Amino acid sequence: MSALTGILYAALVAYLGGWYTGYWTGNFSLLLFVLTLFTLAYWLAERFHFQPARARAAQALLEADAQRRQSLAAQGISRVDGDVESARQQILQQPWWLDWTAGLFPVILAVFVLRSFLFEPFKIPSGSMVPTLLVGDLILVNKFHYGVRLPVINKKIISNNEVKRGDVMVFRWPVDTSIDFIKRVAAVPGDEVAYLNQKLYVNGKPTEVQPQGDFYDESSMTYRPRFLEKLGEKQHQMLVNPQAQPVFQPNRPDGPFPYQDQCKYTIEGVRCTVPAGYYYMIGDNRDNSGDSRFWGFVPDENIVGRAFFVWMNFGNLKRIGPFN
């Protein structure tokens, strides 16, 4: 078993090394699921086989020592050298390969349940959600807000809250579902949404915006006009670049996106009707965001959860807290 465990750990190191160096794309949810199953198997083996076997061996040692002492006492020898307690403790001790498998099962199980069904941490990698979320923000995502989903396959089994306009959502990118994206929900199924001349319209009405002065974008070292926008029932900040070129055609590497015929692209921008079971996502940094304007709608089965809290930013501790 120690050799088998060594092989499994070598395979894990090789997988993580290839993932880290970019030889292949890893799937942390699948990895955590597999680790949970393997450590569970070791835990069950330890609980019902290896631990009882060690206990029997330790008990046999004590019984043999007692018999030896009894035999010597019968010969009139009362003082016997040797203490079997240390040997007994060695017999009862877990070998390393069980300590690093069965011993880790409760921890891995807790992480698996927490990450799969409750909260999952993410790191903001780009500036598409500036100024709401900055590069380097470490955020928490509520996994059960929109319903309970099975891990790995992401199949919803229990419904919860409906997706609302203005929610900040983490989802699997429709172009490559191994990559997670974070954007704001601009429109829900049945809505008509348009982004024309750098203005957002939902069901024929422009969103309410209030100028908030300029925002200094550290990533581009430029000032951008900042606005307070009301989308649905929520207000949030967003940026517009007056010099940016309008969106007048989709840009999806794998060809037309599903229901692309529900969108019309013109020199002014794009207008779409959101199909059932899909959502239209947009970044708060409107002119520096690859979103539904370029690669289409997000299906419900791609939803990961609702982002709601910055739990750490090592470069700016004032960032910690909830956000809209």
# chains A, B, ... in the order shown; residues from 1 in each chain; ligands from 1

$ select_by_dssp --residues "stretch 11-129 of chain A" --states "strand (DSSP E)" --output "list in words"
Phe119, Glu120, Pro121, Phe122 and Lys123 of chain A

$ write_last_selection --atoms "N, CA and C atoms" --output "PDB file, in the first residue's frame"
ATOM      1  N   PHE A 119     -19.453  28.436  -0.281  1.00  0.00           N
ATOM      2  CA  PHE A 119     -18.718  29.607  -0.752  1.00  0.00           C
ATOM      3  C   PHE A 119     -17.432  29.168  -1.456  1.00  0.00           C
ATOM      4  N   GLU A 120     -17.098  29.893  -2.505  1.00  0.00           N
ATOM      5  CA  GLU A 120     -15.874  29.586  -3.249  1.00  0.00           C
ATOM      6  C   GLU A 120     -15.078  30.871  -3.447  1.00  0.00           C
ATOM      7  N   PRO A 121     -13.775  30.847  -3.203  1.00  0.00           N
ATOM      8  CA  PRO A 121     -12.956  32.046  -3.417  1.00  0.00           C
ATOM      9  C   PRO A 121     -12.509  32.166  -4.865  1.00  0.00           C
ATOM     10  N   PHE A 122     -12.408  33.413  -5.332  1.00  0.00           N
ATOM     11  CA  PHE A 122     -11.897  33.708  -6.667  1.00  0.00           C
ATOM     12  C   PHE A 122     -10.973  34.916  -6.585  1.00  0.00           C
ATOM     13  N   LYS A 123     -10.085  35.000  -7.543  1.00  0.00           N
ATOM     14  CA  LYS A 123      -9.203  36.159  -7.660  1.00  0.00           C
ATOM     15  C   LYS A 123      -9.529  36.896  -8.945  1.00  0.00           C
TER      16      LYS A 123
END

$ residues_around --residues "A:Ile182" --least-positions-apart "5" --cutoff "8 Å" --atoms "only C-alpha atoms" --output "list in words"
Met129, Val168, Met169, Val170 and Phe171 of chain A

$ write_last_selection --atoms "C-alpha atoms" --output "compact mmCIF listing (two decimals), in the first residue's frame"
# COMPACT_ATOMS: atom_id res chain seq x y z
CA MET A 129 -15.15 45.03 -13.58
CA VAL A 168 -22.47 40.31 -10.08
CA MET A 169 -22.18 36.72 -11.25
CA VAL A 170 -19.37 34.22 -11.71
CA PHE A 171 -19.99 31.80 -14.57

$ select_by_dssp --residues "stretch 76-140 of chain A" --states "helix (DSSP H, G or I)" --output "mmCIF file with C-alpha atoms, in the first residue's frame"
data_model
loop_
_atom_site.group_PDB
_atom_site.id
_atom_site.type_symbol
_atom_site.label_atom_id
_atom_site.label_comp_id
_atom_site.auth_asym_id
_atom_site.auth_seq_id
_atom_site.Cartn_x
_atom_site.Cartn_y
_atom_site.Cartn_z
ATOM 1 C CA GLU A 85 4.242 -0.257 26.136
ATOM 2 C CA SER A 86 6.568 1.526 23.704
ATOM 3 C CA ALA A 87 6.302 -1.409 21.290
ATOM 4 C CA ARG A 88 2.527 -1.337 21.654
ATOM 5 C CA GLN A 89 2.440 2.379 20.790
ATOM 6 C CA GLN A 90 4.549 1.748 17.686
ATOM 7 C CA ILE A 91 2.181 -0.979 16.542
ATOM 8 C CA LEU A 92 -0.844 1.305 17.004
ATOM 9 C CA TRP A 96 2.865 7.550 6.809
ATOM 10 C CA TRP A 97 0.786 6.495 3.837
ATOM 11 C CA LEU A 98 -2.355 6.330 5.983
ATOM 12 C CA ASP A 99 -1.502 9.518 7.846
ATOM 13 C CA ALA A 102 -7.012 8.754 5.620
ATOM 14 C CA GLY A 103 -5.753 11.422 8.013
ATOM 15 C CA LEU A 104 -6.459 14.146 5.448
ATOM 16 C CA PHE A 105 -9.960 12.943 4.539
ATOM 17 C CA PRO A 106 -11.899 15.099 7.073
ATOM 18 C CA VAL A 107 -10.042 18.240 5.937
ATOM 19 C CA ILE A 108 -10.470 17.540 2.224
ATOM 20 C CA LEU A 109 -14.134 16.637 2.743
ATOM 21 C CA ALA A 110 -14.768 19.914 4.598
ATOM 22 C CA VAL A 111 -13.073 21.920 1.821
ATOM 23 C CA PHE A 112 -15.008 20.004 -0.845
ATOM 24 C CA VAL A 113 -18.391 20.627 0.802
ATOM 25 C CA LEU A 114 -17.605 24.276 1.568
ATOM 26 C CA ARG A 115 -16.333 25.029 -1.939
ATOM 27 C CA SER A 116 -18.964 23.003 -3.804
ATOM 28 C CA PHE A 117 -22.119 24.025 -1.976
ATOM 29 C CA LEU A 118 -21.466 27.130 0.145
#

$ closest_residue --among "A:Arg293, A:Lys264, A:Lys318, A:Lys155" --to "A:Ala187" --atoms "only C-alpha atoms"
A:Arg293

$ decode --residues "stretch 192-219 of chain A" --atoms "N, CA and C atoms" --output "short mmCIF file (atom, residue, chain, number, x, y, z; two decimals), in the first residue's frame"
data_model
loop_
_atom_site.label_atom_id
_atom_site.label_comp_id
_atom_site.auth_asym_id
_atom_site.auth_seq_id
_atom_site.Cartn_x
_atom_site.Cartn_y
_atom_site.Cartn_z
N GLU A 192 -35.28 42.66 -23.72
CA GLU A 192 -34.59 43.22 -24.89
C GLU A 192 -33.52 44.16 -24.36
N VAL A 193 -32.28 43.89 -24.70
CA VAL A 193 -31.16 44.66 -24.19
C VAL A 193 -30.39 45.25 -25.36
N ALA A 194 -29.90 46.47 -25.18
CA ALA A 194 -29.14 47.12 -26.24
C ALA A 194 -28.02 47.93 -25.63
N TYR A 195 -26.92 47.97 -26.35
CA TYR A 195 -25.80 48.84 -25.99
C TYR A 195 -25.49 49.68 -27.22
N LEU A 196 -25.99 50.90 -27.21
CA LEU A 196 -25.92 51.78 -28.37
C LEU A 196 -25.24 53.09 -27.99
N ASN A 197 -24.21 53.44 -28.74
CA ASN A 197 -23.49 54.70 -28.50
C ASN A 197 -23.06 54.83 -27.04
N GLN A 198 -22.56 53.72 -26.49
CA GLN A 198 -22.02 53.63 -25.13
C GLN A 198 -23.08 53.85 -24.06
N LYS A 199 -24.32 53.54 -24.39
CA LYS A 199 -25.40 53.62 -23.42
C LYS A 199 -26.13 52.28 -23.38
N LEU A 200 -26.49 51.85 -22.17
CA LEU A 200 -27.17 50.58 -21.97
C LEU A 200 -28.67 50.80 -21.88
N TYR A 201 -29.43 50.01 -22.65
CA TYR A 201 -30.88 50.06 -22.65
C TYR A 201 -31.43 48.69 -22.29
N VAL A 202 -32.44 48.65 -21.43
CA VAL A 202 -33.11 47.40 -21.07
C VAL A 202 -34.60 47.59 -21.30
N ASN A 203 -35.17 46.78 -22.17
CA ASN A 203 -36.58 46.84 -22.54
C ASN A 203 -36.97 48.25 -23.01
N GLY A 204 -36.10 48.82 -23.82
CA GLY A 204 -36.38 50.11 -24.45
C GLY A 204 -36.08 51.32 -23.62
N LYS A 205 -35.68 51.13 -22.35
CA LYS A 205 -35.41 52.27 -21.47
C LYS A 205 -33.92 52.34 -21.13
N PRO A 206 -33.33 53.50 -21.21
CA PRO A 206 -31.92 53.62 -20.83
C PRO A 206 -31.77 53.49 -19.31
N THR A 207 -30.68 52.90 -18.88
CA THR A 207 -30.43 52.81 -17.44
C THR A 207 -30.16 54.19 -16.87
N GLU A 208 -30.56 54.40 -15.62
CA GLU A 208 -30.33 55.69 -14.97
C GLU A 208 -28.85 55.82 -14.61
N VAL A 209 -28.23 56.91 -15.04
CA VAL A 209 -26.82 57.14 -14.74
C VAL A 209 -26.63 58.55 -14.18
N GLN A 210 -25.70 58.65 -13.25
CA GLN A 210 -25.36 59.94 -12.65
C GLN A 210 -23.84 60.11 -12.70
N PRO A 211 -23.35 61.23 -13.24
CA PRO A 211 -21.90 61.46 -13.29
C PRO A 211 -21.30 61.50 -11.89
N GLN A 212 -20.13 60.88 -11.73
CA GLN A 212 -19.45 60.81 -10.44
C GLN A 212 -18.02 61.35 -10.51
N GLY A 213 -17.70 62.09 -11.57
CA GLY A 213 -16.35 62.59 -11.71
C GLY A 213 -15.45 61.56 -12.38
N ASP A 214 -14.18 61.85 -12.43
CA ASP A 214 -13.23 60.96 -13.10
C ASP A 214 -12.69 59.90 -12.15
N PHE A 215 -12.32 58.76 -12.73
CA PHE A 215 -11.70 57.66 -12.00
C PHE A 215 -10.33 57.40 -12.62
N TYR A 216 -9.31 57.31 -11.78
CA TYR A 216 -7.97 57.03 -12.28
C TYR A 216 -7.77 55.53 -12.39
N ASP A 217 -7.60 55.06 -13.62
CA ASP A 217 -7.40 53.64 -13.87
C ASP A 217 -5.90 53.35 -13.84
N GLU A 218 -5.46 52.68 -12.77
CA GLU A 218 -4.03 52.41 -12.61
C GLU A 218 -3.48 51.48 -13.68
N SER A 219 -4.30 50.56 -14.19
CA SER A 219 -3.81 49.62 -15.18
C SER A 219 -3.43 50.30 -16.49
#
